[in-house]
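Next comes coords-v4.pdb, a file with PDB, C-alpha atoms.
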```
ATOM      1  CA  MET T   1     -50.671 -12.768  39.890
ATOM      2  CA  SER T   2     -48.947 -16.062  39.491
ATOM      3  CA  ALA T   3     -45.335 -16.688  40.381
ATOM      4  CA  PRO T   4     -42.881 -16.672  37.459
ATOM      5  CA  ALA T   5     -42.035 -20.089  36.115
ATOM      6  CA  ALA T   6     -38.634 -21.380  37.101
ATOM      7  CA  VAL T   7     -36.203 -21.249  34.202
ATOM      8  CA  ASN T   8     -33.900 -24.152  33.684
ATOM      9  CA  PRO T   9     -30.345 -23.095  34.730
ATOM     10  CA  ILE T  10     -28.876 -24.906  31.745
ATOM     11  CA  ARG T  11     -31.014 -22.754  29.450
ATOM     12  CA  ASN T  12     -29.764 -19.580  31.185
ATOM     13  CA  VAL T  13     -26.150 -20.694  30.846
ATOM     14  CA  ALA T  14     -26.728 -21.434  27.151
ATOM     15  CA  ARG T  15     -28.318 -18.000  26.588
ATOM     16  CA  TRP T  16     -25.538 -16.105  28.332
ATOM     17  CA  SER T  17     -22.884 -18.213  26.611
ATOM     18  CA  ALA T  18     -24.414 -17.495  23.202
ATOM     19  CA  LEU T  19     -24.615 -13.781  23.992
ATOM     20  CA  THR T  20     -20.984 -13.689  25.159
ATOM     21  CA  ALA T  21     -19.807 -15.696  22.120
ATOM     22  CA  GLY T  22     -21.656 -13.301  19.801
ATOM     23  CA  LEU T  23     -20.098 -10.257  21.440
ATOM     24  CA  VAL T  24     -16.610 -11.749  21.253
ATOM     25  CA  TYR T  25     -17.127 -12.754  17.606
ATOM     26  CA  GLY T  26     -18.373  -9.264  16.723
ATOM     27  CA  TYR T  27     -15.424  -7.602  18.446
ATOM     28  CA  VAL T  28     -12.863  -9.853  16.723
ATOM     29  CA  HIS T  29     -14.568  -9.516  13.331
ATOM     30  CA  HIS T  30     -14.674  -5.722  13.651
ATOM     31  CA  ASN T  31     -10.966  -5.604  14.515
ATOM     32  CA  THR T  32     -10.156  -7.856  11.547
ATOM     33  CA  LEU T  33     -12.082  -5.652   9.121
ATOM     34  CA  THR T  34     -10.487  -2.511  10.546
ATOM     35  CA  ALA T  35      -7.003  -3.989  10.145
ATOM     36  CA  LEU T  36      -7.741  -5.007   6.537
ATOM     37  CA  GLU T  37      -8.976  -1.520   5.701
ATOM     38  CA  HIS T  38      -5.924   0.018   7.347
ATOM     39  CA  ASN T  39      -3.622  -2.251   5.312
ATOM     40  CA  ARG T  40      -5.460  -1.372   2.091
ATOM     41  CA  ALA T  41      -5.122   2.339   2.819
ATOM     42  CA  GLU T  42      -1.403   1.968   3.541
ATOM     43  CA  GLN T  43      -0.903  -0.025   0.326
ATOM     44  CA  LYS T  44      -2.751   2.647  -1.652
ATOM     45  CA  LYS T  45      -0.518   5.353  -0.131
ATOM     46  CA  ILE T  46       2.597   3.374  -1.048
ATOM     47  CA  GLU T  47       1.393   2.811  -4.624
ATOM     48  CA  HIS T  48       0.561   6.501  -5.000
ATOM     49  CA  ARG T  49       3.986   7.509  -3.659
ATOM     50  CA  ASP T  50       5.728   5.074  -6.026
ATOM     51  CA  HIS T  51       3.702   6.449  -8.936
ATOM     52  CA  LEU T  52       4.724  10.008  -8.060
ATOM     53  CA  ILE T  53       8.376   8.984  -7.779
ATOM     54  CA  ALA T  54       8.227   7.293 -11.190
ATOM     55  CA  GLN T  55       6.646  10.424 -12.681
ATOM     56  CA  ALA T  56       9.316  12.630 -11.134
ATOM     57  CA  LYS T  57      12.093  10.372 -12.451
ATOM     58  CA  ALA T  58      10.599  10.453 -15.949
ATOM     59  CA  GLU T  59      10.328  14.253 -15.868
ATOM     60  CA  TRP T  60      13.879  14.610 -14.555
ATOM     61  CA  THR T  61      15.181  12.321 -17.297
ATOM     62  CA  LYS T  62      13.245  14.244 -19.929
ATOM     63  CA  MET T  63      14.552  17.589 -18.653
ATOM     64  CA  ASN T  64      18.164  16.439 -18.296
ATOM     65  CA  THR T  65      18.528  14.522 -21.559
ATOM     66  CA  PRO T  66      20.710  16.542 -23.931
ATOM     67  CA  SER T  67      19.137  17.677 -27.186
ATOM     68  CA  GLY T  68      21.702  15.663 -29.177
ATOM     69  CA  GLY T  69      20.153  12.468 -27.863
ATOM     70  CA  VAL T  70      23.293  11.371 -26.010
ATOM     71  CA  VAL T  71      22.506   9.665 -22.718
ATOM     72  CA  THR T  72      25.060  10.698 -20.096
ATOM     73  CA  ASP T  73      23.617   8.739 -17.171
ATOM     74  CA  PRO T  74      25.760   5.611 -16.671
ATOM     75  CA  GLU T  75      22.869   3.913 -14.807
ATOM     76  CA  SER T  76      20.593   4.179 -17.856
ATOM     77  CA  PRO T  77      20.185   1.060 -20.006
ATOM     78  CA  ASN T  78      20.653   3.282 -23.102
ATOM     79  CA  PHE T  79      24.044   4.568 -21.948
ATOM     80  CA  ASP T  80      26.795   4.274 -24.578
ATOM     81  CA  LEU T  81      30.274   5.377 -23.520
ATOM     82  CA  GLU T  82      31.474   5.704 -27.083
ATOM     83  CA  LYS T  83      28.662   8.123 -27.990
ATOM     84  CA  VAL T  84      29.327  10.172 -24.865
ATOM     85  CA  LEU T  85      33.049  10.452 -25.655
ATOM     86  CA  ILE T  86      32.328  11.458 -29.268
ATOM     87  CA  HIS T  87      29.791  14.027 -28.082
ATOM     88  CA  LEU T  88      32.247  15.470 -25.542
ATOM     89  CA  SER T  89      35.059  15.676 -28.107
ATOM     90  CA  GLU T  90      32.765  17.497 -30.563
ATOM     91  CA  THR T  91      31.557  20.036 -28.010
ATOM     92  CA  ALA T  92      35.016  20.729 -26.538
TER      93      ALA T  92
END
```
Would you write the structure of this file as structure tokens?
Amino acid sequence: MSAPAAVNPIRNVARWSALTAGLVYGYVHHNTLTALEHNRAEQKKIEHRDHLIAQAKAEWTKMNTPSGGVVTDPESPNFDLEKVLIHLSETA
């Protein structure tokens, strides 16, 4: 059996450097993709929560709006103080 051929040390350094660079790149790329997916999941949770809050606010407004159509919430853009005072004087 013949002796193994001597491998150029520069070639070995290049091989090991390429292998190490590939492993580092793969590790960093994996962490980047994981972070992106985590951020997307968090954003989806936030959007879902905001949607549920908006639904709850709409239901609360619908349930608490008087049948006469008078808006008594001063934060509402449809609030009219004059209508509220007239409504209160009629019901009292």
Can you tell me how far CA of Pro74 (chain T) sits from CA of His87 (chain T), in Å to one decimal?
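About the pair CA of Pro74 (chain T) and CA of His87 (chain T): they are 14.7 Å apart.
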Contacts of Asp73 (chain T) within 10 Å, only C-alpha atoms, excl. fewer than 4 positions in-chain, as an mmCIF file with C-alpha atoms, in the coordinates of the input:
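The result, stored in out_18.cif:
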```cif
data_model
loop_
_atom_site.group_PDB
_atom_site.id
_atom_site.type_symbol
_atom_site.label_atom_id
_atom_site.label_comp_id
_atom_site.auth_asym_id
_atom_site.auth_seq_id
_atom_site.Cartn_x
_atom_site.Cartn_y
_atom_site.Cartn_z
ATOM 1 C CA THR T 61 15.181 12.321 -17.297
ATOM 2 C CA ASN T 64 18.164 16.439 -18.296
ATOM 3 C CA THR T 65 18.528 14.522 -21.559
ATOM 4 C CA PRO T 77 20.185 1.060 -20.006
ATOM 5 C CA ASN T 78 20.653 3.282 -23.102
ATOM 6 C CA PHE T 79 24.044 4.568 -21.948
ATOM 7 C CA ASP T 80 26.795 4.274 -24.578
ATOM 8 C CA LEU T 81 30.274 5.377 -23.520
ATOM 9 C CA VAL T 84 29.327 10.172 -24.865
#
```
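For the pair CA of Ala58 (chain T) and CA of Gln43 (chain T), the separation is 22.5 Å.
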Mind pulling up the distance from CA of Trp16 (chain T) to CA of Thr34 (chain T)?
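Separation of CA of Thr34 (chain T) and CA of Trp16 (chain T): 27.0 Å.
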Box dimensions and centre (Å, one decimal) enclosing region 27-40 of chain T, axis-aligned, 8 Å extra per side, as lines of an AutoDock Vina configuration file:
```
center_x = -9.5
center_y = -4.9
center_z = 10.3
size_x = 27.8
size_y = 25.9
size_z = 32.4
```
Reconstruct N, CA and C atoms of region 37-66 of chain T; output as a JSON list (two decimals), keeping the file's coordinate frame.
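Written out: rebuild28.json:
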```
[["chain", "number", "residue", "atom", "x", "y", "z"],
["T", 37, "GLU", "N", -8.79, -2.84, 6.31],
["T", 37, "GLU", "CA", -8.98, -1.52, 5.70],
["T", 37, "GLU", "C", -7.75, -0.65, 5.91],
["T", 38, "HIS", "N", -7.15, -0.75, 7.08],
["T", 38, "HIS", "CA", -5.92, 0.02, 7.35],
["T", 38, "HIS", "C", -4.80, -0.43, 6.42],
["T", 39, "ASN", "N", -4.66, -1.73, 6.21],
["T", 39, "ASN", "CA", -3.62, -2.25, 5.31],
["T", 39, "ASN", "C", -3.88, -1.81, 3.87],
["T", 40, "ARG", "N", -5.14, -1.82, 3.45],
["T", 40, "ARG", "CA", -5.46, -1.37, 2.09],
["T", 40, "ARG", "C", -5.12, 0.10, 1.91],
["T", 41, "ALA", "N", -5.42, 0.91, 2.91],
["T", 41, "ALA", "CA", -5.12, 2.34, 2.82],
["T", 41, "ALA", "C", -3.62, 2.57, 2.76],
["T", 42, "GLU", "N", -2.86, 1.84, 3.56],
["T", 42, "GLU", "CA", -1.40, 1.97, 3.54],
["T", 42, "GLU", "C", -0.84, 1.54, 2.18],
["T", 43, "GLN", "N", -1.36, 0.45, 1.63],
["T", 43, "GLN", "CA", -0.90, -0.02, 0.33],
["T", 43, "GLN", "C", -1.22, 1.01, -0.76],
["T", 44, "LYS", "N", -2.38, 1.62, -0.67],
["T", 44, "LYS", "CA", -2.75, 2.65, -1.65],
["T", 44, "LYS", "C", -1.82, 3.85, -1.54],
["T", 45, "LYS", "N", -1.46, 4.25, -0.32],
["T", 45, "LYS", "CA", -0.52, 5.35, -0.13],
["T", 45, "LYS", "C", 0.84, 5.02, -0.74],
["T", 46, "ILE", "N", 1.30, 3.79, -0.53],
["T", 46, "ILE", "CA", 2.60, 3.37, -1.05],
["T", 46, "ILE", "C", 2.58, 3.37, -2.58],
["T", 47, "GLU", "N", 1.50, 2.84, -3.17],
["T", 47, "GLU", "CA", 1.39, 2.81, -4.62],
["T", 47, "GLU", "C", 1.35, 4.22, -5.20],
["T", 48, "HIS", "N", 0.64, 5.11, -4.54],
["T", 48, "HIS", "CA", 0.56, 6.50, -5.00],
["T", 48, "HIS", "C", 1.93, 7.16, -4.92],
["T", 49, "ARG", "N", 2.65, 6.94, -3.82],
["T", 49, "ARG", "CA", 3.99, 7.51, -3.66],
["T", 49, "ARG", "C", 4.93, 6.98, -4.73],
["T", 50, "ASP", "N", 4.87, 5.67, -5.00],
["T", 50, "ASP", "CA", 5.73, 5.07, -6.03],
["T", 50, "ASP", "C", 5.40, 5.65, -7.41],
["T", 51, "HIS", "N", 4.12, 5.86, -7.66],
["T", 51, "HIS", "CA", 3.70, 6.45, -8.94],
["T", 51, "HIS", "C", 4.26, 7.86, -9.08],
["T", 52, "LEU", "N", 4.19, 8.65, -8.01],
["T", 52, "LEU", "CA", 4.72, 10.01, -8.06],
["T", 52, "LEU", "C", 6.24, 10.01, -8.25],
["T", 53, "ILE", "N", 6.92, 9.08, -7.62],
["T", 53, "ILE", "CA", 8.38, 8.98, -7.78],
["T", 53, "ILE", "C", 8.72, 8.62, -9.22],
["T", 54, "ALA", "N", 7.98, 7.69, -9.80],
["T", 54, "ALA", "CA", 8.23, 7.29, -11.19],
["T", 54, "ALA", "C", 7.98, 8.47, -12.13],
["T", 55, "GLN", "N", 6.92, 9.24, -11.86],
["T", 55, "GLN", "CA", 6.65, 10.42, -12.68],
["T", 55, "GLN", "C", 7.78, 11.43, -12.56],
["T", 56, "ALA", "N", 8.25, 11.66, -11.35],
["T", 56, "ALA", "CA", 9.32, 12.63, -11.13],
["T", 56, "ALA", "C", 10.60, 12.18, -11.83],
["T", 57, "LYS", "N", 10.90, 10.89, -11.77],
["T", 57, "LYS", "CA", 12.09, 10.37, -12.45],
["T", 57, "LYS", "C", 11.97, 10.56, -13.95],
["T", 58, "ALA", "N", 10.79, 10.29, -14.51],
["T", 58, "ALA", "CA", 10.60, 10.45, -15.95],
["T", 58, "ALA", "C", 10.75, 11.92, -16.35],
["T", 59, "GLU", "N", 10.19, 12.82, -15.57],
["T", 59, "GLU", "CA", 10.33, 14.25, -15.87],
["T", 59, "GLU", "C", 11.78, 14.70, -15.75],
["T", 60, "TRP", "N", 12.48, 14.23, -14.73],
["T", 60, "TRP", "CA", 13.88, 14.61, -14.56],
["T", 60, "TRP", "C", 14.71, 14.11, -15.73],
["T", 61, "THR", "N", 14.45, 12.87, -16.16],
["T", 61, "THR", "CA", 15.18, 12.32, -17.30],
["T", 61, "THR", "C", 14.89, 13.12, -18.56],
["T", 62, "LYS", "N", 13.63, 13.48, -18.75],
["T", 62, "LYS", "CA", 13.24, 14.24, -19.93],
["T", 62, "LYS", "C", 13.90, 15.63, -19.92],
["T", 63, "MET", "N", 13.97, 16.25, -18.75],
["T", 63, "MET", "CA", 14.55, 17.59, -18.65],
["T", 63, "MET", "C", 16.07, 17.56, -18.78],
["T", 64, "ASN", "N", 16.71, 16.49, -18.33],
["T", 64, "ASN", "CA", 18.16, 16.44, -18.30],
["T", 64, "ASN", "C", 18.79, 15.65, -19.45],
["T", 65, "THR", "N", 17.98, 15.21, -20.39],
["T", 65, "THR", "CA", 18.53, 14.52, -21.56],
["T", 65, "THR", "C", 18.98, 15.59, -22.55],
["T", 66, "PRO", "N", 20.23, 15.55, -22.99],
["T", 66, "PRO", "CA", 20.71, 16.54, -23.93],
["T", 66, "PRO", "C", 19.94, 16.48, -25.25]]
```
